[in-house]
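Following: one structure in structure tokens, then a few remarks.
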Amino acid sequence: KEYVGYLAREVSKKLLDDQFVETSNKAAFNERVHAALLDELALEDRINDEVRAILEAYGDEMRRTGANYQDMFKKVKIELVRKYKAVL
């Protein structure tokens with residue numbers, strides 16, 4: 001969370017310094033950027049949780065076939081990212 005706050009401040013500063021955004025309330029703008037970053041990270045956490053649940057359901061089959069958990073995690077995550085049209 002501390003790093004997200006740092007990123008939000010740096011992104012906000014860069015956007016304002018380069019005049020991509022104009023605002024009279026820099027603190028409020030920074031808070032909105034911070035909230036947006038937290039939302040994006042929360043989406044990735046939810047996707048990861050869903051991937052774990054899916055792989056848990058297929059755990060026995062994966063053990064029988066010798067499937068690699070990490071490889072399957074990546075493949076399922078890619079599919080869910082496509083499904084949700086997320087950008088990670």
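In the structure tokens, chains take letters A, B, ... by order of appearance, with residues numbered from 1 within each chain and ligands from 1 in the order shown.
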
As a compact mmCIF listing (two decimals) with N, CA and C atoms, in the first residue's frame, list the residues of segment 14-86 of chain A assigned to alpha helix (DSSP H) by DSSP on the backbone atoms of this structure.
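Generated file (part.txt):
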```
# COMPACT_ATOMS: atom_id res chain seq x y z
N LYS A 14 3.84 13.82 -12.36
CA LYS A 14 4.26 13.80 -13.76
C LYS A 14 3.15 14.34 -14.66
N LEU A 15 1.92 13.93 -14.43
CA LEU A 15 0.80 14.41 -15.24
C LEU A 15 0.61 15.91 -15.09
N LEU A 16 0.75 16.42 -13.88
CA LEU A 16 0.59 17.85 -13.65
C LEU A 16 1.78 18.65 -14.19
N ASP A 17 2.99 18.15 -13.94
CA ASP A 17 4.19 18.86 -14.41
C ASP A 17 4.25 18.96 -15.92
N LYS A 26 -4.71 19.75 -6.19
CA LYS A 26 -3.74 18.69 -6.44
C LYS A 26 -3.93 17.50 -5.50
N ALA A 27 -4.30 17.78 -4.26
CA ALA A 27 -4.48 16.70 -3.29
C ALA A 27 -5.63 15.78 -3.70
N ALA A 28 -6.73 16.37 -4.13
CA ALA A 28 -7.88 15.57 -4.57
C ALA A 28 -7.54 14.76 -5.81
N PHE A 29 -6.78 15.37 -6.73
CA PHE A 29 -6.35 14.67 -7.93
C PHE A 29 -5.47 13.48 -7.55
N ASN A 30 -4.55 13.68 -6.64
CA ASN A 30 -3.68 12.60 -6.19
C ASN A 30 -4.49 11.47 -5.56
N GLU A 31 -5.50 11.81 -4.79
CA GLU A 31 -6.35 10.80 -4.17
C GLU A 31 -7.10 9.98 -5.21
N ARG A 32 -7.54 10.63 -6.28
CA ARG A 32 -8.25 9.91 -7.34
C ARG A 32 -7.32 8.97 -8.08
N VAL A 33 -6.10 9.40 -8.33
CA VAL A 33 -5.11 8.54 -8.98
C VAL A 33 -4.80 7.35 -8.06
N HIS A 34 -4.65 7.61 -6.78
CA HIS A 34 -4.39 6.56 -5.80
C HIS A 34 -5.53 5.54 -5.79
N ALA A 35 -6.76 6.01 -5.79
CA ALA A 35 -7.92 5.11 -5.79
C ALA A 35 -7.96 4.27 -7.06
N ALA A 36 -7.63 4.89 -8.20
CA ALA A 36 -7.62 4.16 -9.47
C ALA A 36 -6.57 3.06 -9.46
N LEU A 37 -5.40 3.36 -8.93
CA LEU A 37 -4.33 2.35 -8.86
C LEU A 37 -4.74 1.21 -7.93
N LEU A 38 -5.35 1.54 -6.80
CA LEU A 38 -5.80 0.49 -5.88
C LEU A 38 -6.86 -0.40 -6.52
N ASP A 39 -7.77 0.21 -7.29
CA ASP A 39 -8.80 -0.57 -7.99
C ASP A 39 -8.17 -1.55 -8.97
N GLU A 40 -7.18 -1.09 -9.72
CA GLU A 40 -6.51 -1.95 -10.69
C GLU A 40 -5.79 -3.10 -10.00
N LEU A 41 -5.12 -2.82 -8.91
CA LEU A 41 -4.42 -3.88 -8.19
C LEU A 41 -5.41 -4.85 -7.55
N ALA A 42 -6.53 -4.35 -7.09
CA ALA A 42 -7.56 -5.21 -6.51
C ALA A 42 -8.12 -6.15 -7.57
N LEU A 43 -8.26 -5.66 -8.79
CA LEU A 43 -8.74 -6.50 -9.88
C LEU A 43 -7.78 -7.67 -10.10
N GLU A 44 -6.49 -7.40 -10.10
CA GLU A 44 -5.52 -8.48 -10.29
C GLU A 44 -5.60 -9.47 -9.12
N ASP A 45 -5.78 -8.98 -7.92
CA ASP A 45 -5.91 -9.87 -6.77
C ASP A 45 -7.14 -10.76 -6.90
N ARG A 46 -8.26 -10.18 -7.37
CA ARG A 46 -9.48 -10.98 -7.55
C ARG A 46 -9.28 -12.04 -8.63
N ILE A 47 -8.59 -11.66 -9.71
CA ILE A 47 -8.32 -12.63 -10.77
C ILE A 47 -7.43 -13.75 -10.23
N ASN A 48 -6.40 -13.41 -9.48
CA ASN A 48 -5.53 -14.43 -8.90
C ASN A 48 -6.30 -15.37 -7.98
N ASP A 49 -7.22 -14.83 -7.20
CA ASP A 49 -8.04 -15.66 -6.31
C ASP A 49 -8.91 -16.62 -7.13
N GLU A 50 -9.47 -16.12 -8.22
CA GLU A 50 -10.31 -16.96 -9.07
C GLU A 50 -9.48 -18.06 -9.73
N VAL A 51 -8.27 -17.73 -10.16
CA VAL A 51 -7.38 -18.73 -10.76
C VAL A 51 -7.09 -19.83 -9.74
N ARG A 52 -6.78 -19.44 -8.51
CA ARG A 52 -6.49 -20.44 -7.47
C ARG A 52 -7.69 -21.35 -7.23
N ALA A 53 -8.89 -20.78 -7.22
CA ALA A 53 -10.09 -21.58 -7.02
C ALA A 53 -10.29 -22.57 -8.17
N ILE A 54 -10.06 -22.12 -9.38
CA ILE A 54 -10.21 -23.00 -10.54
C ILE A 54 -9.19 -24.13 -10.47
N LEU A 55 -7.95 -23.79 -10.18
CA LEU A 55 -6.90 -24.81 -10.13
C LEU A 55 -7.13 -25.78 -8.96
N GLU A 56 -7.68 -25.30 -7.88
CA GLU A 56 -7.99 -26.17 -6.76
C GLU A 56 -9.03 -27.21 -7.17
N ALA A 57 -10.01 -26.79 -7.96
CA ALA A 57 -11.05 -27.70 -8.42
C ALA A 57 -10.48 -28.79 -9.34
N GLY A 59 -7.29 -29.89 -9.10
CA GLY A 59 -6.06 -30.35 -8.46
C GLY A 59 -5.75 -31.82 -8.67
N ASP A 60 -6.76 -32.66 -8.47
CA ASP A 60 -6.53 -34.11 -8.62
C ASP A 60 -6.14 -34.45 -10.05
N GLU A 61 -6.85 -33.88 -10.99
CA GLU A 61 -6.56 -34.14 -12.40
C GLU A 61 -5.16 -33.64 -12.77
N MET A 62 -4.79 -32.48 -12.24
CA MET A 62 -3.46 -31.93 -12.52
C MET A 62 -2.37 -32.84 -11.97
N ARG A 63 -2.60 -33.41 -10.78
CA ARG A 63 -1.61 -34.32 -10.19
C ARG A 63 -1.50 -35.60 -11.02
N ARG A 64 -2.64 -36.13 -11.49
CA ARG A 64 -2.62 -37.35 -12.29
C ARG A 64 -1.88 -37.15 -13.61
N THR A 65 -2.08 -35.98 -14.22
CA THR A 65 -1.45 -35.73 -15.52
C THR A 65 -0.07 -35.13 -15.41
N TYR A 69 1.86 -26.56 -11.83
CA TYR A 69 0.94 -25.57 -11.25
C TYR A 69 1.22 -24.17 -11.77
N GLN A 70 2.49 -23.79 -11.81
CA GLN A 70 2.85 -22.43 -12.25
C GLN A 70 2.45 -22.19 -13.70
N ASP A 71 2.69 -23.18 -14.56
CA ASP A 71 2.31 -23.04 -15.97
C ASP A 71 0.80 -22.93 -16.11
N MET A 72 0.08 -23.77 -15.38
CA MET A 72 -1.38 -23.73 -15.44
C MET A 72 -1.90 -22.41 -14.88
N PHE A 73 -1.27 -21.92 -13.82
CA PHE A 73 -1.68 -20.65 -13.24
C PHE A 73 -1.59 -19.55 -14.29
N LYS A 74 -0.46 -19.50 -14.99
CA LYS A 74 -0.27 -18.46 -16.01
C LYS A 74 -1.30 -18.57 -17.13
N LYS A 75 -1.55 -19.81 -17.59
CA LYS A 75 -2.50 -20.02 -18.68
C LYS A 75 -3.92 -19.61 -18.28
N VAL A 76 -4.34 -20.05 -17.10
CA VAL A 76 -5.70 -19.72 -16.64
C VAL A 76 -5.82 -18.22 -16.41
N LYS A 77 -4.78 -17.60 -15.86
CA LYS A 77 -4.83 -16.16 -15.60
C LYS A 77 -4.95 -15.39 -16.92
N ILE A 78 -4.20 -15.80 -17.92
CA ILE A 78 -4.29 -15.14 -19.23
C ILE A 78 -5.71 -15.22 -19.77
N GLU A 79 -6.33 -16.39 -19.62
CA GLU A 79 -7.71 -16.54 -20.10
C GLU A 79 -8.69 -15.66 -19.34
N LEU A 80 -8.52 -15.57 -18.03
CA LEU A 80 -9.42 -14.72 -17.24
C LEU A 80 -9.19 -13.25 -17.54
N VAL A 81 -7.97 -12.86 -17.77
CA VAL A 81 -7.68 -11.47 -18.14
C VAL A 81 -8.39 -11.13 -19.44
N ARG A 82 -8.33 -12.05 -20.40
CA ARG A 82 -9.06 -11.84 -21.67
C ARG A 82 -10.56 -11.77 -21.43
N LYS A 83 -11.06 -12.68 -20.60
CA LYS A 83 -12.50 -12.74 -20.31
C LYS A 83 -12.99 -11.42 -19.72
N TYR A 84 -12.25 -10.88 -18.76
CA TYR A 84 -12.64 -9.63 -18.11
C TYR A 84 -12.15 -8.38 -18.84
```

Query raised in the report: So what do you get for atom CA of Gly5 of chain A versus atom CA of Lys85 of chain A, distance-wise?
Result: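 Computed distance, atom CA of Gly5 of chain A to atom CA of Lys85 of chain A, equals 25.4 Å.
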
Query raised in the report: At what distance in Å, to one decimal, does atom CA of Val21 of chain A lie from atom CA of Leu7 of chain A?
Result: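 Going from atom CA of Leu7 of chain A over to atom CA of Val21 of chain A, I get 16.7 Å.
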